[in-house]
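The next block is work11.txt, given as compact mmCIF, C-alpha atoms.
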# COMPACT_ATOMS: atom_id res chain seq x y z
CA MET B 1 78.37 82.39 109.81
CA LYS B 2 80.61 83.50 112.63
CA HIS B 3 83.75 85.48 111.99
CA ILE B 4 84.57 86.24 115.59
CA VAL B 5 88.14 85.87 116.73
CA ILE B 6 88.67 87.37 120.15
CA SER B 7 92.03 88.90 119.55
CA ALA B 8 93.52 92.30 120.17
CA LEU B 9 95.20 91.92 116.81
CA LEU B 10 91.95 91.66 114.86
CA PHE B 11 89.62 93.66 117.03
CA GLY B 12 91.73 96.30 118.81
CA PHE B 13 90.03 99.61 118.94
CA LEU B 14 92.02 102.59 117.76
CA HIS B 15 91.36 106.04 119.14
CA THR B 16 91.91 108.71 116.53
CA SER B 17 90.77 112.29 116.40
CA TYR B 18 87.15 111.17 116.27
CA ALA B 19 84.95 112.36 119.10
CA GLN B 20 83.92 109.10 120.70
CA LYS B 21 86.00 106.39 122.31
CA LEU B 22 84.03 103.30 121.46
CA TYR B 23 84.66 99.76 122.59
CA GLY B 24 83.22 96.69 120.95
CA ALA B 25 81.25 94.68 123.49
CA ARG B 26 79.37 91.42 123.61
CA THR B 27 76.29 90.58 125.57
CA LYS B 28 75.07 87.01 125.24
CA SER B 29 75.45 86.23 121.52
CA LYS B 30 75.27 89.74 120.02
CA PHE B 31 77.78 92.54 119.58
CA GLY B 32 77.58 96.31 119.66
CA PHE B 33 79.57 99.34 120.86
CA ILE B 34 79.78 101.05 124.24
CA ASP B 35 81.48 104.26 125.32
CA ASP B 36 83.90 104.57 128.24
CA THR B 37 81.04 104.85 130.72
CA GLY B 38 79.54 101.53 129.62
CA THR B 39 76.59 103.12 127.82
CA TRP B 40 75.45 101.39 124.65
CA ILE B 41 76.04 103.84 121.78
CA ILE B 42 75.35 101.29 119.06
CA PRO B 43 73.02 98.52 120.34
CA ALA B 44 74.16 94.90 120.43
CA THR B 45 72.37 93.65 117.33
CA TYR B 46 75.27 92.31 115.25
CA SER B 47 76.66 88.80 114.80
CA GLY B 48 80.20 90.12 114.47
CA ILE B 49 82.12 93.38 114.65
CA GLY B 50 85.49 94.86 113.81
CA ALA B 51 87.42 97.92 114.86
CA PHE B 52 86.56 101.60 114.53
CA HIS B 53 89.14 103.00 112.16
CA GLU B 54 88.83 106.41 110.58
CA GLY B 55 85.33 106.74 111.99
CA PHE B 56 83.92 103.47 110.62
CA ALA B 57 83.59 99.92 111.90
CA ARG B 58 82.78 96.72 110.07
CA VAL B 59 79.76 94.82 111.34
CA GLU B 60 78.14 91.50 110.43
CA ILE B 61 74.38 91.55 109.96
CA ASN B 62 73.25 88.07 110.96
CA ASP B 63 74.09 85.81 108.01
CA ASP B 64 73.55 88.53 105.39
CA GLY B 65 77.21 89.52 105.35
CA TRP B 66 79.40 92.43 106.44
CA THR B 67 78.90 96.16 106.03
CA TYR B 68 80.13 99.35 107.74
CA VAL B 69 78.66 101.78 110.25
CA ASN B 70 79.78 105.17 111.48
CA GLU B 71 80.06 106.14 115.15
CA LYS B 72 76.33 106.84 115.29
CA GLY B 73 75.51 103.40 113.94
CA LYS B 74 74.49 104.61 110.47
CA ARG B 75 75.35 102.29 107.58
CA ILE B 76 77.38 103.46 104.61
CA GLY B 77 75.93 102.20 101.37
CA THR B 78 73.51 99.31 100.97
CA LYS B 79 75.82 96.51 99.90
CA THR B 80 76.98 93.66 102.09
CA PHE B 81 80.19 91.72 101.62
CA THR B 82 81.44 88.20 102.27
CA LYS B 83 84.39 89.66 104.21
CA ALA B 84 85.30 93.18 105.26
CA LYS B 85 88.51 94.69 106.62
CA ASP B 86 89.24 97.92 108.47
CA PHE B 87 89.53 101.31 106.73
CA VAL B 88 93.10 102.44 106.10
CA ASP B 89 93.78 105.77 104.38
CA GLY B 90 90.17 106.09 103.28
CA ARG B 91 89.83 102.62 101.74
CA ALA B 92 88.73 99.22 103.04
CA ARG B 93 89.30 95.78 101.54
CA VAL B 94 86.15 93.75 100.93
CA THR B 95 85.26 90.51 99.20
CA GLN B 96 82.38 89.76 96.89
CA ASP B 97 82.04 86.00 96.76
CA THR B 98 85.74 85.08 96.97
CA ASN B 99 87.35 88.05 95.19
CA TYR B 100 88.91 91.07 96.91
CA GLY B 101 88.45 94.71 96.00
CA MET B 102 88.32 98.05 97.85
CA ILE B 103 85.63 100.57 98.72
CA ASP B 104 85.89 104.19 99.78
CA GLN B 105 84.11 105.74 102.77
CA THR B 106 80.94 106.33 100.76
CA GLY B 107 80.70 102.61 99.98
CA LYS B 108 81.76 103.07 96.34
CA MET B 109 83.92 100.30 94.87
CA VAL B 110 87.20 102.01 93.92
CA ILE B 111 89.26 98.87 93.22
CA PRO B 112 87.23 96.18 91.42
CA ALA B 113 86.70 92.90 93.27
CA LYS B 114 88.81 90.74 90.98
CA PHE B 115 91.79 89.67 93.08
CA GLN B 116 92.33 86.42 94.99
CA ARG B 117 94.13 88.36 97.72
CA LEU B 118 94.67 92.06 98.32
CA GLU B 119 96.55 94.00 100.96
CA ASN B 120 96.44 97.65 102.03
CA PHE B 121 98.19 100.38 100.07
CA VAL B 122 101.62 101.44 101.25
CA HIS B 123 103.14 104.48 99.52
CA GLY B 124 100.69 104.14 96.64
CA LEU B 125 101.21 100.41 96.00
CA ALA B 126 99.26 97.38 97.21
CA LEU B 127 100.17 93.72 97.13
CA ALA B 128 97.65 91.76 95.07
CA LYS B 129 97.27 88.15 93.98
CA ASP B 130 95.88 86.80 90.72
CA LYS B 131 97.14 83.20 90.79
CA ASP B 132 100.52 84.77 91.63
CA TRP B 133 101.50 87.93 93.51
CA GLY B 134 102.27 91.35 92.09
CA MET B 135 101.64 95.00 92.99
CA ILE B 136 98.93 97.39 91.81
CA ASN B 137 98.60 101.18 91.84
CA GLU B 138 95.63 103.14 93.16
CA LYS B 139 93.80 102.65 89.86
CA GLY B 140 94.03 98.88 90.22
CA GLU B 141 96.63 98.61 87.43
CA TRP B 142 99.52 96.17 87.65
CA ILE B 143 102.77 97.99 88.36
CA ILE B 144 104.67 94.78 89.12
CA GLN B 145 103.22 91.90 87.16
CA PRO B 146 101.76 88.96 89.13
CA LYS B 147 104.47 86.34 88.69
CA PHE B 148 105.75 85.75 92.22
CA GLU B 149 104.86 82.97 94.66
CA ARG B 150 104.90 85.54 97.46
CA LEU B 151 105.71 89.22 97.68
CA LYS B 152 106.06 91.72 100.52
CA ALA B 153 105.87 95.50 100.75
CA PHE B 154 108.83 97.71 99.86
CA SER B 155 111.22 98.71 102.59
CA GLU B 156 114.05 101.11 101.77
CA GLY B 157 113.28 100.64 98.07
CA LEU B 158 113.53 96.85 98.05
CA ALA B 159 110.79 94.21 98.32
CA GLN B 160 111.12 90.59 99.41
CA ALA B 161 109.89 88.19 96.73
CA ARG B 162 109.74 84.42 96.39
CA GLN B 163 110.11 82.57 93.11
CA GLY B 164 110.98 78.92 92.55
CA GLY B 165 110.72 78.36 96.28
CA ASP B 166 113.51 80.81 97.14
CA TRP B 167 113.52 84.41 98.33
CA GLY B 168 115.33 87.46 97.00
CA TYR B 169 114.79 91.23 96.61
CA LEU B 170 113.19 93.33 93.85
CA ASP B 171 113.63 96.98 92.98
CA GLU B 172 110.65 99.26 92.34
CA SER B 173 110.53 98.22 88.67
CA GLY B 174 110.12 94.58 89.65
CA ASN B 175 113.65 93.57 88.65
CA TRP B 176 115.80 91.28 90.75
CA ILE B 177 118.44 93.28 92.62
CA ILE B 178 119.38 90.34 94.83
CA LYS B 179 118.57 87.03 93.18
CA PRO B 180 116.28 84.51 94.91
CA VAL B 181 118.74 82.18 96.65
CA TYR B 182 117.53 82.33 100.26
CA ASP B 183 115.26 80.07 102.31
CA ARG B 184 113.87 83.13 104.10
CA CYS B 185 114.64 86.80 104.39
CA GLU B 186 113.71 89.82 106.48
CA LYS B 187 113.00 93.31 105.16
CA PHE B 188 115.81 95.80 104.58
CA SER B 189 116.34 98.17 107.48
CA ASP B 190 119.31 100.45 108.11
CA ASP B 191 120.60 99.36 104.64
CA VAL B 192 121.06 95.74 105.75
CA ALA B 193 118.90 92.62 105.86
CA CYS B 194 118.89 89.31 107.68
CA VAL B 195 118.70 86.26 105.39
CA LYS B 196 118.63 82.49 105.83
CA ASN B 197 120.30 79.82 103.69
CA SER B 198 121.01 76.15 104.35
CA ALA B 199 123.75 77.04 106.85
CA GLY B 200 121.59 79.42 108.89
CA TRP B 201 121.00 83.16 109.21
CA THR B 202 123.47 85.88 108.28
CA ILE B 203 123.55 89.60 107.32
CA ILE B 204 123.81 91.13 103.82
CA ASP B 205 124.06 94.63 102.37
CA ARG B 206 122.06 96.09 99.45
CA ASN B 207 124.42 94.42 96.97
CA GLY B 208 123.80 91.01 98.49
CA GLN B 209 127.26 90.89 100.02
CA LYS B 210 127.71 89.11 103.36
CA LEU B 211 128.74 91.41 106.19
CA THR B 212 129.72 88.67 108.63
CA ASN B 213 130.92 85.10 108.69
CA ASN B 214 128.89 84.44 111.80
CA ILE B 215 125.91 82.13 111.43
CA PHE B 216 122.82 82.36 113.63
CA GLU B 217 119.89 80.05 114.32
CA ASN B 218 117.35 82.83 113.86
CA MET B 219 117.22 86.58 113.39
CA ARG B 220 114.85 89.54 113.21
CA SER B 221 115.11 92.78 111.21
CA PHE B 222 117.50 95.50 112.31
CA GLU B 223 116.15 98.39 114.36
CA ASP B 224 118.40 101.35 115.17
CA GLY B 225 121.51 99.43 114.22
CA ILE B 226 120.87 96.27 116.24
CA ALA B 227 119.05 93.02 115.53
CA ARG B 228 117.81 90.21 117.69
CA ALA B 229 119.70 86.99 116.97
CA LYS B 230 119.58 83.45 118.30
CA LYS B 231 122.53 81.17 119.02
CA ASP B 232 122.58 77.86 120.90
CA GLY B 233 118.92 78.28 121.76
CA LYS B 234 119.34 81.73 123.33
CA TRP B 235 118.58 85.25 122.11
CA GLY B 236 120.81 88.31 122.20
CA LEU B 237 121.60 91.43 120.14
CA VAL B 238 124.09 91.88 117.29
CA ASP B 239 125.31 94.88 115.32
CA LYS B 240 125.62 95.11 111.51
CA SER B 241 128.94 93.28 111.56
CA GLY B 242 127.31 90.34 113.33
CA THR B 243 129.18 91.07 116.56
CA TRP B 244 127.36 90.42 119.79
CA VAL B 245 126.54 93.65 121.61
CA VAL B 246 124.39 91.72 124.10
CA ASN B 247 125.38 88.10 124.53
CA PRO B 248 122.74 85.44 123.84
CA THR B 249 121.45 84.59 127.29
CA PHE B 250 117.69 85.09 126.97
CA ASP B 251 115.10 82.37 126.33
CA ASN B 252 113.02 84.94 124.46
CA LEU B 253 113.50 88.56 123.48
CA GLU B 254 110.91 90.95 122.03
CA THR B 255 111.26 94.14 120.02
CA PHE B 256 112.37 97.33 121.78
CA VAL B 257 109.71 99.90 122.60
CA ASN B 258 110.98 103.19 124.03
CA ASP B 259 114.44 101.64 124.51
CA ILE B 260 113.31 98.70 126.64
CA ALA B 261 112.26 95.22 125.60
CA ARG B 262 110.42 92.34 127.19
CA ALA B 263 112.80 89.45 127.84
CA LYS B 264 112.47 85.94 129.25
CA SER B 265 115.26 84.72 131.51
CA LYS B 266 116.57 81.20 131.96
CA ASN B 267 114.33 80.84 135.03
CA GLY B 268 111.31 81.09 132.73
CA LYS B 269 110.25 84.48 134.10
CA TRP B 270 109.74 87.72 132.16
CA GLY B 271 111.09 91.21 132.82
CA PHE B 272 112.46 94.16 130.82
CA ILE B 273 115.98 94.89 129.59
CA ASN B 274 117.68 97.94 128.08
CA LYS B 275 119.84 97.93 124.94
CA LYS B 276 122.88 97.02 127.01
CA GLY B 277 121.16 93.82 128.05
CA GLU B 278 120.76 95.02 131.64
CA TRP B 279 117.62 94.16 133.56
CA VAL B 280 115.69 97.36 134.23
CA ILE B 281 112.83 95.30 135.67
CA LYS B 282 113.95 91.97 137.05
CA PRO B 283 112.47 88.78 135.57
CA SER B 284 109.90 87.85 138.17
CA PHE B 285 106.66 87.62 136.18
CA GLU B 286 104.97 84.81 134.30
CA ARG B 287 104.17 87.22 131.46
CA VAL B 288 104.34 90.95 130.79
CA LYS B 289 102.95 93.34 128.19
CA ASN B 290 104.49 96.55 126.90
CA PHE B 291 104.17 99.82 128.82
CA SER B 292 101.55 102.44 128.10
CA ASN B 293 100.52 105.34 130.33
CA GLY B 294 103.54 104.39 132.47
CA LEU B 295 101.99 101.02 133.36
CA ALA B 296 102.49 97.48 132.08
CA ALA B 297 100.19 94.53 132.59
CA ALA B 298 102.02 91.73 134.40
CA LEU B 299 101.02 88.20 135.35
CA SER B 300 101.80 86.68 138.73
CA ASP B 301 99.16 83.95 139.11
CA VAL B 302 96.67 86.69 138.17
CA TRP B 303 97.11 89.96 136.27
CA GLY B 304 97.86 93.41 137.65
CA TYR B 305 99.87 96.47 136.59
CA ILE B 306 103.42 97.50 137.42
CA ASN B 307 105.23 100.85 137.06
CA GLU B 308 108.58 101.42 135.37
CA LYS B 309 110.37 100.36 138.56
CA GLY B 310 108.63 97.00 138.52
CA GLU B 311 106.44 97.87 141.51
CA TRP B 312 102.80 96.87 141.69
CA VAL B 313 100.62 99.94 141.19
CA ILE B 314 97.39 98.03 140.60
CA ALA B 315 97.44 94.83 142.61
CA PRO B 316 97.18 91.55 140.68
CA LYS B 317 93.51 90.55 140.83
CA PHE B 318 92.36 90.16 137.22
CA GLN B 319 91.91 87.08 135.07
CA ASN B 320 92.93 89.12 132.02
CA ALA B 321 94.38 92.60 131.64
CA GLU B 322 94.97 94.63 128.48
CA ARG B 323 97.17 97.67 127.88
CA PHE B 324 96.07 101.15 128.86
CA VAL B 325 94.84 103.41 126.06
CA ASP B 326 93.71 106.95 126.89
CA ASP B 327 93.96 106.23 130.63
CA ASN B 328 91.62 103.23 130.46
CA ALA B 329 92.22 99.48 130.20
CA VAL B 330 89.97 96.50 129.58
CA VAL B 331 90.13 93.79 132.26
CA ARG B 332 88.34 90.59 133.22
CA GLN B 333 87.29 89.85 136.77
CA ASN B 334 85.15 86.99 138.03
CA GLY B 335 84.48 85.88 134.48
CA ASP B 336 83.13 89.21 133.16
CA TRP B 337 84.75 92.18 131.46
CA GLY B 338 84.91 95.83 132.46
CA ILE B 339 87.11 98.91 132.11
CA ILE B 340 89.42 100.44 134.75
CA ASP B 341 91.28 103.73 135.07
CA THR B 342 94.96 104.14 135.99
CA THR B 343 94.15 103.92 139.70
CA GLY B 344 92.55 100.51 139.22
CA ASN B 345 89.01 101.71 139.82
CA PHE B 346 86.26 100.46 137.53
CA VAL B 347 84.82 103.12 135.25
CA VAL B 348 82.74 100.41 133.56
CA LYS B 349 81.74 97.62 135.91
CA PRO B 350 82.57 94.05 134.84
CA THR B 351 79.17 93.03 133.55
CA PHE B 352 79.93 92.25 129.90
CA SER B 353 80.56 88.87 128.27
CA TYR B 354 83.47 90.47 126.45
CA ILE B 355 84.89 93.92 125.71
CA PHE B 356 87.30 94.22 122.84
CA PRO B 357 90.47 96.04 123.92
CA ARG B 358 91.48 99.19 122.10
CA VAL B 359 95.08 99.53 120.94
CA GLU B 360 97.15 102.47 119.85
CA ALA B 361 98.11 103.28 116.29
CA ALA B 362 101.62 102.00 116.96
CA GLY B 363 100.18 98.51 116.94
CA ASN B 364 99.95 95.52 119.05
CA ASP B 365 102.10 93.94 121.54
CA ASP B 366 101.66 90.92 122.77
CA ASP B 367 102.27 87.64 124.07
CA GLU B 368 105.28 85.54 123.09
CA THR B 369 105.38 86.74 119.50
CA ASN B 370 109.04 85.80 119.14
CA SER B 371 108.17 82.09 119.23
CA GLU B 372 109.42 79.90 116.41
CA GLU B 373 105.85 79.37 115.21
CA SER B 374 105.25 83.07 114.80
CA VAL B 375 107.93 83.43 112.15
CA GLU B 376 107.04 80.43 110.02
CA GLU B 377 106.37 81.52 106.46
CA GLU B 378 102.73 82.38 105.78
CA LYS B 379 100.81 79.43 104.38
CA GLU B 380 98.79 80.16 101.27
Please re-express this file's structure in structure tokens.
Amino acid sequence: MKHIVISALLFGFLHTSYAQKLYGARTKSKFGFIDDTGTWIIPATYSGIGAFHEGFARVEINDDGWTYVNEKGKRIGTKTFTKAKDFVDGRARVTQDTNYGMIDQTGKMVIPAKFQRLENFVHGLALAKDKDWGMINEKGEWIIQPKFERLKAFSEGLAQARQGGDWGYLDESGNWIIKPVYDRCEKFSDDVACVKNSAGWTIIDRNGQKLTNNIFENMRSFEDGIARAKKDGKWGLVDKSGTWVVNPTFDNLETFVNDIARAKSKNGKWGFINKKGEWVIKPSFERVKNFSNGLAAALSDVWGYINEKGEWVIAPKFQNAERFVDDNAVVRQNGDWGIIDTTGNFVVKPTFSYIFPRVEAAGNDDDETNSEESVEEEKE
């Protein structure tokens, strides 16, 4: 049984206040954890691994199943699970056979394994599925009864829900505030939401009233009063009235991070724009990743790192390059993986079959996440 997906999304390593900065690493067919000098802290004896979150990582013991270890490699509890997820706020989702529950950091089951699906708690509520979707409290009791085809977490007091094939919005009692009449919908943000009907995407307020007569091919949630919108195959930015504040001229446009966003120009190259739509780093790269430690990974035949002026600081020479976290970044050179510092020098020589990149708490960047495929509704 192999549950290994080499993905920063699934296996990014988060540095918290814990003492060690551990990276998952692979040598031949086994996985373990190294520190930022390349020393094995937890030997490579596992068939699969996950991220260190809140001082614990999930590990797969051959075909016996998944369990958890602390940063010294000590197991918590004696049970193994069919699946195991990362710890979030002191709890981790696990499956016994095919049912989901939650354990605490002692290994005690605190939410019984009786759900078909279960997501992490957000403000005291967790999405759960028992044939249909509802929400439970921290005792595992249904707060919103499981009667929805799909349900998403609350945002600004409203939750997206699907019933009869259409989407609408619930209040915190589980009552329809905006009836399910939409093909798709985004979460509420800044008191507005982007919704899709047969004509296309538009903008509504908390009463379900349209705020614009403009129709768009695609949209994303509002952030700081603006939303990404697509028209005639190009992306731009609109305000809450649906007025273009940045005309749709970009082949792709990502979310803003520290007031700049990755954008793809009509020449097929990537750069960065500001909220006025001006290029702050000209589109001259095959791909780019978001900035961290003042550096961004950029692809020009091979990967290197640029500064906020778009100048090469670490020359392009890597087959793969991840974002910097705590002044270090995971890179691949000549087929093997190592770790560099912000000057481009190796602090861990590239001798590993794979090193899982660590990502910050703010989450994950990464490639062309604004593609049409990435926003298709989740398949059950």
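Relative to CA of Lys269 in chain B, CA of Arg287 in chain B is found at 7.2 Å.
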| query | Which residue out of B:Gly200, B:Gly65, B:Gly271, B:Pro350 has the minimum interatomic distance to Thr27 in chain B when only C-alpha atoms are used? | reply |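 Comparing B:Gly200, B:Gly65, B:Gly271, B:Pro350 against Thr27 in chain B, the winner is B:Pro350.
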| query | Which value, in Å to one decimal, gives the distance between CA of Ser47 in chain B and CA of Lys74 in chain B? | reply | 16.5 Å
| message | Could you list, as a VMD selection string, every residue within 12 Å of range 294-301 of chain B, counting only C-alpha atoms and ignoring same-chain residues fewer than 5 positions away? | response | chain B and resid 258 261 to 262 269 to 272 281 283 to 289 306 to 331 341 to 344 365 to 367
| field | Selected residue, from B:Tyr46, B:Trp235, B:Asp166, B:Asn290, that lies nearest to Lys266 in chain B when counting only C-alpha atoms | value |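 The answer is B:Trp235, which sits nearest to Lys266 in chain B.
With distances restricted to only C-alpha atoms, B:Ala159 is the closest residue to Trp176 in chain B from B:Ala159, B:Ala126, B:Val280, B:Ala229.
As for CA of Asp224 in chain B and CA of Thr202 in chain B, they are spaced 17.7 Å apart.
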All residues 10 Å or closer to Pro180 in chain B, only C-alpha atoms, same chain fewer than 4 positions away omitted, as a CSV table (one decimal) with C-alpha atoms, in the coordinates of the input:
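Final output, saved to out.csv:
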chain,number,residue,atom,x,y,z
B,160,GLN,CA,111.1,90.6,99.4
B,161,ALA,CA,109.9,88.2,96.7
B,162,ARG,CA,109.7,84.4,96.4
B,163,GLN,CA,110.1,82.6,93.1
B,164,GLY,CA,111.0,78.9,92.6
B,165,GLY,CA,110.7,78.4,96.3
B,166,ASP,CA,113.5,80.8,97.1
B,167,TRP,CA,113.5,84.4,98.3
B,168,GLY,CA,115.3,87.5,97.0
B,169,TYR,CA,114.8,91.2,96.6
B,170,LEU,CA,113.2,93.3,93.8
B,176,TRP,CA,115.8,91.3,90.8
B,184,ARG,CA,113.9,83.1,104.1
B,185,CYS,CA,114.6,86.8,104.4
| Could you pull the residues within 8 Å of Gly90 in chain B, counting only C-alpha atoms, minus those fewer than 4 positions along the same chain, as a PyMOL selection string? | chain B and resi 54+104-105
| task | Rank B:Pro43, B:Gly157, B:Gly124, B:Gly50 by their smallest atom-to-atom distance to Asp89 in chain B, using all atoms listed in the file, and report the top residue only. | result |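 Selected residue with least distance to Asp89 in chain B: B:Gly124.
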| task | Can you work out which one of B:Gly134, B:Leu158, B:Asp64, B:Arg228 has the shortest atom-to-atom distance to Asp205 in chain B, counting all atoms listed in the file? | result | B:Leu158
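Only residues having an atom at most 12 Å from (116.4, 104.5, 114.3) are included; using all atoms listed in the file, these are Ser189, Asp190, Asp191, Phe222, Glu223, Asp224, Gly225, Ile226, Ala227, Phe256, Val257, Asn258 and Asp259 of chain B.
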